[in-house]
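Notes follow the structure.
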Amino acid sequence: MLTRFIPNLFTLGNLFLGMLAILLAINERYSLAAIMVIIAMLLDGLDGRVARALNAQSEFGKELDSLSDMVSFGAAPALIIFMVSFQDAMPIFAWIATAAFPICGAIRLARFNVRPGIPGYFTGLPIPAAGGVLATLSLFHKDIGPISMMIATLLLSYLMVSSLKYPNFKKVGLPRKAIWIAPWVILLAVGLALLFPDQLSKLIFIPLVLYALYGMKHSVRIAASRNRAKKRKGEKSSRSDR
């Protein structure tokens with residue numbers, strides 16, 4: 001019984017860090033708030049792997065994971081970006097951009113839960129990746145104006161509900177023996193985060209953005225390939241009609 005609850009502990013840790021990120025943002029500790037979102041991503045990546053390794057997957061765990069993700073990667077990043085960048089912007093636009101992110105995140109999670117996905121891929125940008133990008137993007141608020149931040153927020157919102165394909169790394173297995181190493185990995189991540197909050201967050205921002213852009217590039221490449229195939233097919237048809 002205890003073994004079956006272990007994956008849920010990782011999920012609840014994810015939820016706890018999401019709430020902590022919200023509280024830190026309210027207290028204007030934005031770097032630490034962003035780091036809490038990043039560490040929550042680590043826990044989110046581990047809970048499913050631990051569940052599969054222990055053969056402890058359940059519908060309860062799946063629903064708990066979605067609810068936790070909504071807080072940690074939907075509400076928390078939206079609040080962080082609002083607090084750090086949108087407060088001096090026009091309220092109506094700031095509210096729309098801030099609200100759009102968790103709304104699209106909720107749609108993304110609901111769609112993921114009810115629709116079978118393509119093996120090896122996610123449909124739409126996963127909310128943990130979108131939340132991680134937004135949380136770490138907030139750290140560049142001194143260099144990026146609120147309008148650009150709003151555009152980025154709305155773009156991430158769109159990517160979550162889009163039909164773009166993103167690689168699914170969650171299916172990568174975790175050996176059962178490695179489960180007991182996971183808490184130490186998390187503690188190490190927390191220690192590094194507390195020692196180097198700004199540097200670590202900005203470093204993690206780069207691969208997250210590349211992942212978010214990957215889906216757009218991949219879809220453009222597929223569309224171009226289809227157009228070339230249609231063009232070749234049309235040329236063959238025109239030759240056969242002569």
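Ordered as shown in the structure tokens, chains take letters A, B, and onward, while each chain numbers its residues from 1 and ligands are numbered from 1 in the order shown.
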Applying 8 Å and only C-alpha atoms, which residues near stretch 119-127 of chain A remain after dropping the ones on its own chain fewer than 2 positions away? List them as a VMD selection string.
chain A and resid 69 73 to 74 105 108 to 109 112 117 129 to 131 156 159 to 169 171 212 215
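Rounded to one decimal, atom CA of A:Phe93 and atom CA of A:Ile144 lie 16.6 Å from each other.
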Rounded to one decimal in Å, what is the spacing between atom CA of A:Thr153 and atom CA of A:Ile206?
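About the pair atom CA of A:Thr153 and atom CA of A:Ile206: they are 16.3 Å apart.
Atom CA of A:Ser68 sits 12.5 Å away from atom CA of A:Leu20.
With distances taken over only C-alpha atoms, A:Gly18 is the one residue among A:Gly18, A:Gly145, A:Gly45, A:Pro207 lying closest to A:Leu67.
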Minimum-distance residue to A:Met70, chosen among A:Ala21, A:Ala106, A:Ile39, A:Leu210 (using only C-alpha atoms)
A:Ala106
As JSON, numbers by chain, please: every residue in stretch 5-139 of chain A that a backbone DSSP assignment puts in alpha helix (DSSP H).
{"A": [5, 6, 7, 8, 9, 10, 11, 12, 13, 14, 15, 16, 17, 18, 19, 20, 21, 22, 23, 24, 25, 26, 30, 31, 32, 33, 34, 35, 36, 37, 38, 39, 40, 41, 42, 43, 44, 45, 46, 47, 48, 49, 50, 51, 52, 53, 59, 60, 61, 62, 63, 64, 65, 66, 67, 68, 69, 76, 77, 78, 79, 80, 81, 91, 92, 93, 94, 95, 96, 97, 98, 99, 100, 101, 102, 103, 104, 105, 106, 107, 108, 109, 110, 111, 112, 113, 114, 127, 128, 129, 130, 131, 132, 133, 134, 135, 136, 137]}
For A:Phe82, work out the shell of residues within 8 Å, counting only C-alpha atoms and skipping chain neighbours fewer than 4 positions away, then give it as an MDAnalysis selection string.
chainID A and resid 78 86:87 94 98
Neighbouring residues of A:Asn8 were defined as those with any atom within 10 Å, considering only C-alpha atoms; residues of the same chain fewer than 5 positions away were excluded. Please report them as a ChimeraX atom specification.
/A:3,13-14,47-48,50-51,56-58,60-62,64-65
So that I have them on file, write out the residues from the current selection with all heavy atoms, as an mmCIF file, in the first residue's frame.
data_model
loop_
_atom_site.group_PDB
_atom_site.id
_atom_site.type_symbol
_atom_site.label_atom_id
_atom_site.label_comp_id
_atom_site.auth_asym_id
_atom_site.auth_seq_id
_atom_site.Cartn_x
_atom_site.Cartn_y
_atom_site.Cartn_z
ATOM 1 N N THR A 3 3.936 1.497 -1.019
ATOM 2 C CA THR A 3 4.645 1.574 -2.295
ATOM 3 C C THR A 3 3.794 2.252 -3.347
ATOM 4 O O THR A 3 4.287 3.058 -4.148
ATOM 5 C CB THR A 3 5.040 0.159 -2.769
ATOM 6 O OG1 THR A 3 5.865 -0.449 -1.776
ATOM 7 C CG2 THR A 3 5.806 0.223 -4.081
ATOM 8 N N GLY A 13 4.578 16.851 -3.846
ATOM 9 C CA GLY A 13 5.743 17.738 -3.759
ATOM 10 C C GLY A 13 5.711 18.778 -4.867
ATOM 11 O O GLY A 13 6.029 19.953 -4.644
ATOM 12 N N ASN A 14 5.317 18.356 -6.060
ATOM 13 C CA ASN A 14 5.133 19.270 -7.185
ATOM 14 C C ASN A 14 4.115 20.347 -6.821
ATOM 15 O O ASN A 14 4.347 21.550 -7.026
ATOM 16 C CB ASN A 14 4.686 18.436 -8.398
ATOM 17 C CG ASN A 14 4.102 19.250 -9.534
ATOM 18 O OD1 ASN A 14 4.205 20.473 -9.596
ATOM 19 N ND2 ASN A 14 3.454 18.562 -10.460
ATOM 20 N N ASP A 47 7.383 11.559 -11.115
ATOM 21 C CA ASP A 47 6.256 10.817 -10.543
ATOM 22 C C ASP A 47 5.752 9.711 -11.468
ATOM 23 O O ASP A 47 5.494 8.581 -11.028
ATOM 24 C CB ASP A 47 5.112 11.754 -10.118
ATOM 25 C CG ASP A 47 4.550 12.593 -11.258
ATOM 26 O OD1 ASP A 47 4.982 12.409 -12.417
ATOM 27 O OD2 ASP A 47 3.685 13.454 -10.987
ATOM 28 N N GLY A 48 5.645 10.004 -12.762
ATOM 29 C CA GLY A 48 5.184 8.986 -13.701
ATOM 30 C C GLY A 48 6.187 7.851 -13.849
ATOM 31 O O GLY A 48 5.803 6.678 -13.916
ATOM 32 N N VAL A 50 8.395 6.880 -11.613
ATOM 33 C CA VAL A 50 8.365 6.095 -10.374
ATOM 34 C C VAL A 50 7.140 5.181 -10.351
ATOM 35 O O VAL A 50 7.218 4.010 -9.960
ATOM 36 C CB VAL A 50 8.369 7.032 -9.145
ATOM 37 C CG1 VAL A 50 8.096 6.252 -7.862
ATOM 38 C CG2 VAL A 50 9.707 7.753 -9.035
ATOM 39 N N ALA A 51 6.000 5.708 -10.799
ATOM 40 C CA ALA A 51 4.770 4.907 -10.826
ATOM 41 C C ALA A 51 4.932 3.690 -11.734
ATOM 42 O O ALA A 51 4.513 2.579 -11.390
ATOM 43 C CB ALA A 51 3.601 5.770 -11.285
ATOM 44 N N ALA A 56 2.676 1.151 -10.052
ATOM 45 C CA ALA A 56 1.708 1.792 -9.152
ATOM 46 C C ALA A 56 0.908 2.880 -9.864
ATOM 47 O O ALA A 56 0.476 3.857 -9.254
ATOM 48 C CB ALA A 56 2.442 2.381 -7.954
ATOM 49 N N GLN A 57 0.692 2.723 -11.173
ATOM 50 C CA GLN A 57 -0.092 3.700 -11.920
ATOM 51 C C GLN A 57 -1.570 3.579 -11.564
ATOM 52 O O GLN A 57 -2.077 2.481 -11.337
ATOM 53 C CB GLN A 57 0.102 3.483 -13.418
ATOM 54 C CG GLN A 57 1.538 3.731 -13.881
ATOM 55 C CD GLN A 57 1.792 3.208 -15.278
ATOM 56 O OE1 GLN A 57 1.951 2.017 -15.479
ATOM 57 N NE2 GLN A 57 1.836 4.120 -16.242
ATOM 58 N N SER A 58 -2.256 4.712 -11.514
ATOM 59 C CA SER A 58 -3.676 4.695 -11.160
ATOM 60 C C SER A 58 -4.356 5.926 -11.737
ATOM 61 O O SER A 58 -3.710 6.932 -12.039
ATOM 62 C CB SER A 58 -3.858 4.677 -9.640
ATOM 63 O OG SER A 58 -3.399 5.889 -9.066
ATOM 64 N N PHE A 60 -6.354 7.764 -10.034
ATOM 65 C CA PHE A 60 -6.240 8.781 -8.984
ATOM 66 C C PHE A 60 -4.948 9.574 -9.158
ATOM 67 O O PHE A 60 -4.941 10.814 -9.093
ATOM 68 C CB PHE A 60 -6.266 8.115 -7.606
ATOM 69 C CG PHE A 60 -5.990 9.072 -6.471
ATOM 70 C CD1 PHE A 60 -7.006 9.863 -5.961
ATOM 71 C CD2 PHE A 60 -4.720 9.176 -5.910
ATOM 72 C CE1 PHE A 60 -6.764 10.752 -4.918
ATOM 73 C CE2 PHE A 60 -4.463 10.057 -4.871
ATOM 74 C CZ PHE A 60 -5.493 10.845 -4.368
ATOM 75 N N GLY A 61 -3.846 8.867 -9.383
ATOM 76 C CA GLY A 61 -2.567 9.541 -9.569
ATOM 77 C C GLY A 61 -2.550 10.425 -10.804
ATOM 78 O O GLY A 61 -1.977 11.517 -10.786
ATOM 79 N N LYS A 62 -3.212 9.965 -11.866
ATOM 80 C CA LYS A 62 -3.285 10.745 -13.100
ATOM 81 C C LYS A 62 -4.037 12.057 -12.888
ATOM 82 O O LYS A 62 -3.590 13.127 -13.321
ATOM 83 C CB LYS A 62 -3.974 9.910 -14.174
ATOM 84 C CG LYS A 62 -4.095 10.592 -15.525
ATOM 85 C CD LYS A 62 -4.787 9.667 -16.507
ATOM 86 C CE LYS A 62 -4.998 10.350 -17.858
ATOM 87 N NZ LYS A 62 -5.711 9.452 -18.811
ATOM 88 N N LEU A 64 -4.602 13.558 -9.951
ATOM 89 C CA LEU A 64 -3.843 14.373 -8.995
ATOM 90 C C LEU A 64 -2.704 15.097 -9.695
ATOM 91 O O LEU A 64 -2.423 16.271 -9.412
ATOM 92 C CB LEU A 64 -3.301 13.492 -7.871
ATOM 93 C CG LEU A 64 -2.508 14.203 -6.766
ATOM 94 C CD1 LEU A 64 -3.381 15.195 -6.021
ATOM 95 C CD2 LEU A 64 -1.918 13.169 -5.791
ATOM 96 N N ASP A 65 -2.067 14.416 -10.635
ATOM 97 C CA ASP A 65 -0.965 15.016 -11.389
ATOM 98 C C ASP A 65 -1.460 16.219 -12.196
ATOM 99 O O ASP A 65 -0.808 17.270 -12.235
ATOM 100 C CB ASP A 65 -0.351 13.957 -12.313
ATOM 101 C CG ASP A 65 0.821 14.502 -13.097
ATOM 102 O OD1 ASP A 65 1.847 14.857 -12.484
ATOM 103 O OD2 ASP A 65 0.716 14.596 -14.337
#
